[in-house]
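Shown below: final02.txt, with compact mmCIF, C-alpha atoms and all ligand atoms.
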```txt
# COMPACT_ATOMS: atom_id res chain seq x y z
CA MET Q 864 -81.29 -30.85 -28.05
CA ASN Q 865 -83.57 -28.66 -25.98
CA LYS Q 866 -85.01 -25.82 -28.04
CA ILE Q 867 -85.23 -22.86 -25.69
CA ALA Q 868 -86.71 -19.53 -26.78
CA ILE Q 869 -86.78 -16.19 -25.03
CA PHE Q 870 -89.84 -13.97 -25.49
CA PRO Q 871 -88.55 -10.57 -24.32
CA GLY Q 872 -90.73 -7.54 -23.73
CA SER Q 873 -91.94 -5.01 -21.24
CA PHE Q 874 -95.42 -6.62 -21.01
CA ASP Q 875 -96.82 -3.54 -19.28
CA PRO Q 876 -99.34 -5.14 -19.15
CA PHE Q 877 -99.45 -8.62 -20.71
CA THR Q 878 -102.30 -8.65 -23.27
CA ILE Q 879 -104.22 -11.29 -25.22
CA GLY Q 880 -101.91 -10.39 -28.14
CA HIS Q 881 -98.88 -11.54 -26.13
CA GLU Q 882 -100.75 -14.57 -24.78
CA SER Q 883 -101.68 -15.68 -28.28
CA ILE Q 884 -98.07 -15.39 -29.52
CA VAL Q 885 -96.87 -17.53 -26.59
CA LEU Q 886 -99.55 -20.19 -27.07
CA ARG Q 887 -98.91 -20.43 -30.81
CA ALA Q 888 -95.13 -20.64 -30.30
CA LEU Q 889 -95.33 -23.46 -27.76
CA SER Q 890 -95.38 -26.18 -30.41
CA LEU Q 891 -92.09 -24.86 -31.85
CA PHE Q 892 -90.00 -24.96 -28.66
CA ASP Q 893 -89.32 -27.23 -25.69
CA LYS Q 894 -89.21 -24.29 -23.33
CA LEU Q 895 -90.33 -20.70 -23.64
CA ILE Q 896 -88.91 -18.14 -21.25
CA ILE Q 897 -90.91 -14.92 -21.04
CA ALA Q 898 -88.32 -12.31 -20.10
CA VAL Q 899 -89.69 -9.15 -18.55
CA GLY Q 900 -87.46 -6.15 -18.99
CA ASN Q 901 -87.82 -2.41 -18.80
CA ASN Q 902 -88.03 -0.57 -22.10
CA GLU Q 903 -86.05 2.65 -21.53
CA THR Q 904 -88.31 4.54 -23.94
CA LYS Q 905 -91.56 3.57 -22.19
CA LYS Q 906 -92.70 4.83 -18.81
CA GLY Q 907 -93.68 1.86 -16.61
CA PHE Q 908 -97.26 1.56 -15.29
CA PHE Q 909 -97.46 -1.88 -13.65
CA PRO Q 910 -94.60 -2.52 -11.21
CA LEU Q 911 -92.17 -5.15 -12.39
CA ALA Q 912 -93.23 -7.62 -9.68
CA GLY Q 913 -96.86 -7.16 -10.73
CA ARG Q 914 -96.07 -7.86 -14.39
CA ILE Q 915 -94.16 -11.02 -13.45
CA ALA Q 916 -96.95 -12.24 -11.12
CA MET Q 917 -99.55 -11.54 -13.82
CA ILE Q 918 -97.73 -13.63 -16.45
CA ASN Q 919 -97.02 -16.41 -13.94
CA ASP Q 920 -100.75 -16.56 -13.18
CA VAL Q 921 -101.68 -16.71 -16.88
CA PHE Q 922 -99.41 -19.73 -17.45
CA ALA Q 923 -99.79 -21.41 -14.05
CA GLY Q 924 -99.66 -25.16 -14.63
CA ASN Q 925 -97.91 -24.87 -18.00
CA ASN Q 926 -94.48 -26.37 -17.37
CA LYS Q 927 -93.06 -25.27 -20.74
CA VAL Q 928 -93.39 -21.61 -19.80
CA GLU Q 929 -91.09 -19.81 -17.39
CA VAL Q 930 -91.08 -16.12 -16.44
CA VAL Q 931 -87.90 -14.23 -15.60
CA HIS Q 932 -86.86 -10.64 -15.07
CA TYR Q 933 -83.72 -9.35 -16.78
CA GLU Q 934 -81.77 -6.13 -16.84
CA ASP Q 935 -79.01 -6.82 -19.32
CA LEU Q 936 -78.94 -7.37 -23.09
CA THR Q 937 -81.36 -9.94 -24.48
CA VAL Q 938 -78.46 -11.80 -26.13
CA SER Q 939 -76.64 -11.97 -22.79
CA LEU Q 940 -79.73 -13.55 -21.24
CA CYS Q 941 -79.88 -16.02 -24.17
CA GLN Q 942 -76.24 -17.00 -23.57
CA ARG Q 943 -76.83 -17.36 -19.83
CA VAL Q 944 -79.81 -19.71 -20.18
CA GLY Q 945 -78.75 -21.51 -23.38
CA ALA Q 946 -81.51 -20.08 -25.57
CA MET Q 947 -80.90 -20.10 -29.33
CA TYR Q 948 -84.14 -18.34 -30.31
CA ILE Q 949 -85.70 -14.95 -29.65
CA LEU Q 950 -89.45 -14.87 -30.19
CA ARG Q 951 -91.24 -11.65 -31.16
CA GLY Q 952 -94.71 -10.80 -32.42
CA LEU Q 953 -95.40 -8.74 -35.53
CA ARG Q 954 -98.48 -6.59 -36.04
CA THR Q 955 -97.65 -3.93 -38.60
CA SER Q 956 -94.95 -2.85 -41.03
CA ALA Q 957 -93.76 -0.44 -38.33
CA ASP Q 958 -93.25 -3.43 -36.01
CA PHE Q 959 -91.35 -5.13 -38.80
CA GLU Q 960 -88.93 -2.23 -39.30
CA TYR Q 961 -88.30 -1.96 -35.56
CA GLU Q 962 -87.89 -5.72 -35.11
CA ARG Q 963 -85.67 -6.10 -38.16
CA ALA Q 964 -83.11 -3.67 -36.75
CA ILE Q 965 -83.12 -5.33 -33.32
CA ALA Q 966 -82.88 -8.84 -34.78
CA GLN Q 967 -80.02 -7.93 -37.10
CA VAL Q 968 -78.09 -6.25 -34.30
CA ASN Q 969 -78.73 -9.22 -31.98
CA LYS Q 970 -77.45 -11.56 -34.70
CA ALA Q 971 -74.35 -9.39 -35.17
CA MET Q 972 -73.68 -9.60 -31.42
CA TYR Q 973 -74.38 -13.32 -31.09
CA ASP Q 974 -74.26 -15.28 -34.32
CA ASP Q 975 -75.85 -18.45 -32.90
CA ILE Q 976 -79.13 -16.67 -32.19
CA GLU Q 977 -82.13 -16.79 -34.52
CA SER Q 978 -85.08 -14.44 -34.17
CA VAL Q 979 -88.45 -16.04 -34.84
CA PHE Q 980 -91.44 -13.86 -35.69
CA ILE Q 981 -95.06 -14.83 -35.37
CA LEU Q 982 -97.64 -12.71 -37.17
CA THR Q 983 -100.44 -11.51 -34.95
CA LEU Q 984 -103.98 -12.79 -35.46
CA PRO Q 985 -106.01 -10.20 -37.41
CA GLU Q 986 -108.23 -9.50 -34.39
CA HIS Q 987 -105.17 -8.69 -32.24
CA THR Q 988 -103.55 -6.23 -34.65
CA SER Q 989 -104.76 -3.13 -32.84
CA ILE Q 990 -104.04 -4.38 -29.32
CA ASN Q 991 -101.02 -2.87 -27.68
CA SER Q 992 -99.96 -2.40 -24.09
CA SER Q 993 -99.93 1.41 -24.25
CA ILE Q 994 -103.61 1.56 -25.21
CA VAL Q 995 -104.50 -0.96 -22.47
CA ARG Q 996 -102.49 1.15 -19.98
CA GLU Q 997 -104.44 4.28 -20.96
CA ILE Q 998 -107.76 2.48 -20.50
CA LEU Q 999 -106.72 1.29 -17.03
CA ARG Q 1000 -105.21 4.64 -16.02
CA TYR Q 1001 -108.60 6.30 -16.58
CA GLY Q 1002 -110.59 3.56 -14.85
CA GLY Q 1003 -111.93 1.87 -18.00
CA ASP Q 1004 -112.64 -1.81 -18.55
CA ALA Q 1005 -109.74 -3.46 -20.38
CA SER Q 1006 -110.85 -7.04 -19.74
CA LYS Q 1007 -111.45 -7.66 -23.47
CA PHE Q 1008 -107.77 -7.10 -24.14
CA MET Q 1009 -106.29 -9.04 -21.23
CA PRO Q 1010 -106.08 -12.79 -20.60
CA ALA Q 1011 -109.34 -14.12 -19.18
CA SER Q 1012 -107.96 -15.04 -15.75
CA ILE Q 1013 -106.49 -11.60 -15.08
CA ASP Q 1014 -107.88 -8.93 -12.79
CA PRO Q 1015 -105.47 -6.05 -13.45
CA LYS Q 1016 -106.15 -4.32 -10.11
CA LYS Q 1017 -104.49 -7.25 -8.34
CA TYR Q 1018 -101.12 -6.45 -9.93
CA LEU Q 1019 -100.89 -2.67 -9.57
P1 LIG I 1101 -91.30 -4.09 -26.11
O1 LIG I 1101 -91.33 -2.95 -25.14
O2 LIG I 1101 -90.02 -4.88 -26.07
O3 LIG I 1101 -91.74 -3.77 -27.51
P2 LIG I 1101 -93.89 -5.26 -25.64
O4 LIG I 1101 -94.34 -5.81 -24.34
O5 LIG I 1101 -94.56 -4.02 -26.12
O6 LIG I 1101 -92.34 -5.09 -25.48
O7 LIG I 1101 -94.02 -6.36 -26.77
C1 LIG I 1101 -93.34 -7.59 -26.70
C2 LIG I 1101 -93.50 -8.33 -28.02
O8 LIG I 1101 -94.86 -8.66 -28.23
C3 LIG I 1101 -93.07 -7.51 -29.25
O9 LIG I 1101 -92.50 -8.39 -30.20
C4 LIG I 1101 -94.37 -6.97 -29.78
O10 LIG I 1101 -94.31 -6.72 -31.17
C5 LIG I 1101 -95.29 -8.16 -29.48
N1 LIG I 1101 -96.69 -7.76 -29.39
C6 LIG I 1101 -97.23 -6.78 -28.64
N2 LIG I 1101 -98.58 -6.73 -28.81
C7 LIG I 1101 -98.89 -7.70 -29.71
C8 LIG I 1101 -100.11 -8.13 -30.35
N3 LIG I 1101 -101.27 -7.55 -30.11
N4 LIG I 1101 -100.02 -9.16 -31.23
C9 LIG I 1101 -98.84 -9.73 -31.50
N5 LIG I 1101 -97.65 -9.37 -30.95
C10 LIG I 1101 -97.68 -8.36 -30.08
```
Take the structure in the file and write it out as structure tokens.
Ligand code: ADP
Amino acid sequence: MNKIAIFPGSFDPFTIGHESIVLRALSLFDKLIIAVGNNETKKGFFPLAGRIAMINDVFAGNNKVEVVHYEDLTVSLCQRVGAMYILRGLRTSADFEYERAIAQVNKAMYDDIESVFILTLPEHTSINSSIVREILRYGGDASKFMPASIDPKKYL
């Protein structure tokens, strides 16, 4: 059986924290679909098409990784593409509380789904997209926090 996982997020922008979670999860699944959605509580900075192009460029040549855009519930996307796993990254206890609620609700909506959490590397604990967005908004250099191949200006 093909083990397909969805890694949902807003990825605004995609950081080395996200990249590391994807790379470490690859050995667990046959296919990993990075699903770019809009988080209603976060104001977007990179346009959706830019975020998708950015992630496609990071994983160009990796045929286990696919990037999609979605606008419905994560569990609906899972049902549509036959994914049984939702991948998320955990940095702090606050992440845990937030993720626990989402995972339990997802499970209540779709019992076949399992959420899989990967703990961030210690050096990535403080990296989050909102801080990277602030750096970029004010013209700073965020290259330390973004995948090596990425020039953020290209995707704005
Ligand atoms: P969302 O808006 O859905 O929270 P994000 O793009 O902020 O989307 O995050 C997507 C996933 O990546 C979440 O599970 C989040 O906890 C995880 N994540 C974000 N930054 C890091 C990081 N530095 N290390 C590990 N996981 C991370």
When the cut-off is 9 Å and you count all atoms listed in the file, which residues lie near ligand LIG 1101 (chain I), shown as a ChimeraX atom specification? /Q:870-884,899-905,950-955,958-959,961-962,980-993,1008
In Å to one decimal, how far is CA of Ile869 in chain Q from CA of Cys941 in chain Q?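 Result for CA of Cys941 in chain Q versus CA of Ile869 in chain Q: 7.0 Å, one decimal.
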Of the candidates Q:Ala971, Q:Ala916, Q:Ile1013, Q:Leu895, which shows the shortest atom-to-atom distance to Val928 in chain Q, using all atoms listed in the file?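 That would be Q:Leu895, the residue with the smallest distance to Val928 in chain Q.
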When distances are computed from all atoms listed in the file, which of Q:Asp893, Q:Ser1006, Q:Leu999, Q:Met947 shows the smallest separation from Asn926 in chain Q? Q:Asp893
With all atoms of range 981-984 of chain Q from the file as input, state the centre and edge lengths in Å to one decimal of the axis-aligned box that has 3 Å extra on each side, as lines of an AutoDock Vina configuration file.
```
center_x = -99.5
center_y = -13.2
center_z = -36.1
size_x = 14.9
size_y = 9.3
size_z = 8.2
```
Enumerate, as a list of chain:residue names, the protein, DNA and RNA residues whose atoms approach (-98.3, -22.8, -16.5) to within 12 Å, taking into account all atoms listed in the file and the coordinate frame of the file.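 Looking at atoms near the point gives Q:Glu882, Q:Val885, Q:Leu886, Q:Leu889, Q:Lys894, Q:Leu895, Q:Ile896, Q:Ile897, Q:Ala916, Q:Met917, Q:Ile918, Q:Asn919, Q:Asp920, Q:Val921, Q:Phe922, Q:Ala923, Q:Gly924, Q:Asn925, Q:Asn926, Q:Lys927, Q:Val928, Q:Glu929, Q:Val930.
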Straight-line distance linking CA of Leu1019 in chain Q with CA of Ala898 in chain Q, stated in Å to one decimal: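 Taking CA of Leu1019 in chain Q and CA of Ala898 in chain Q, their separation equals 19.0 Å.
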Kindly indicate which residue among Q:Ser956, Q:Gly1002, Q:Gln942, Q:Ser890 lies nearest to Asp975 in chain Q, using only C-alpha atoms for the distances.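 With only C-alpha atoms as the atom set, the closest residue is Q:Gln942.
Picture a line from CA of Pro1010 in chain Q to CA of Lys866 in chain Q; it runs 25.9 Å.
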May I ask which of the residues Q:Leu940, Q:Glu960, Q:Asn865, Q:Tyr948 is the closest one to Asp974 in chain Q, counting all atoms listed in the file? Q:Tyr948
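Residue nearest Val931 in chain Q, chosen from Q:Ala888, Q:Ala912, Q:Met1009, Q:Lys1017 and counting only C-alpha atoms: Q:Ala912.
When all atoms listed in the file are used to compute distances to Gly907 in chain Q, the closest of the residues Q:Arg1000, Q:Ala946, Q:Asn969, Q:Asp935 turns out to be Q:Arg1000.
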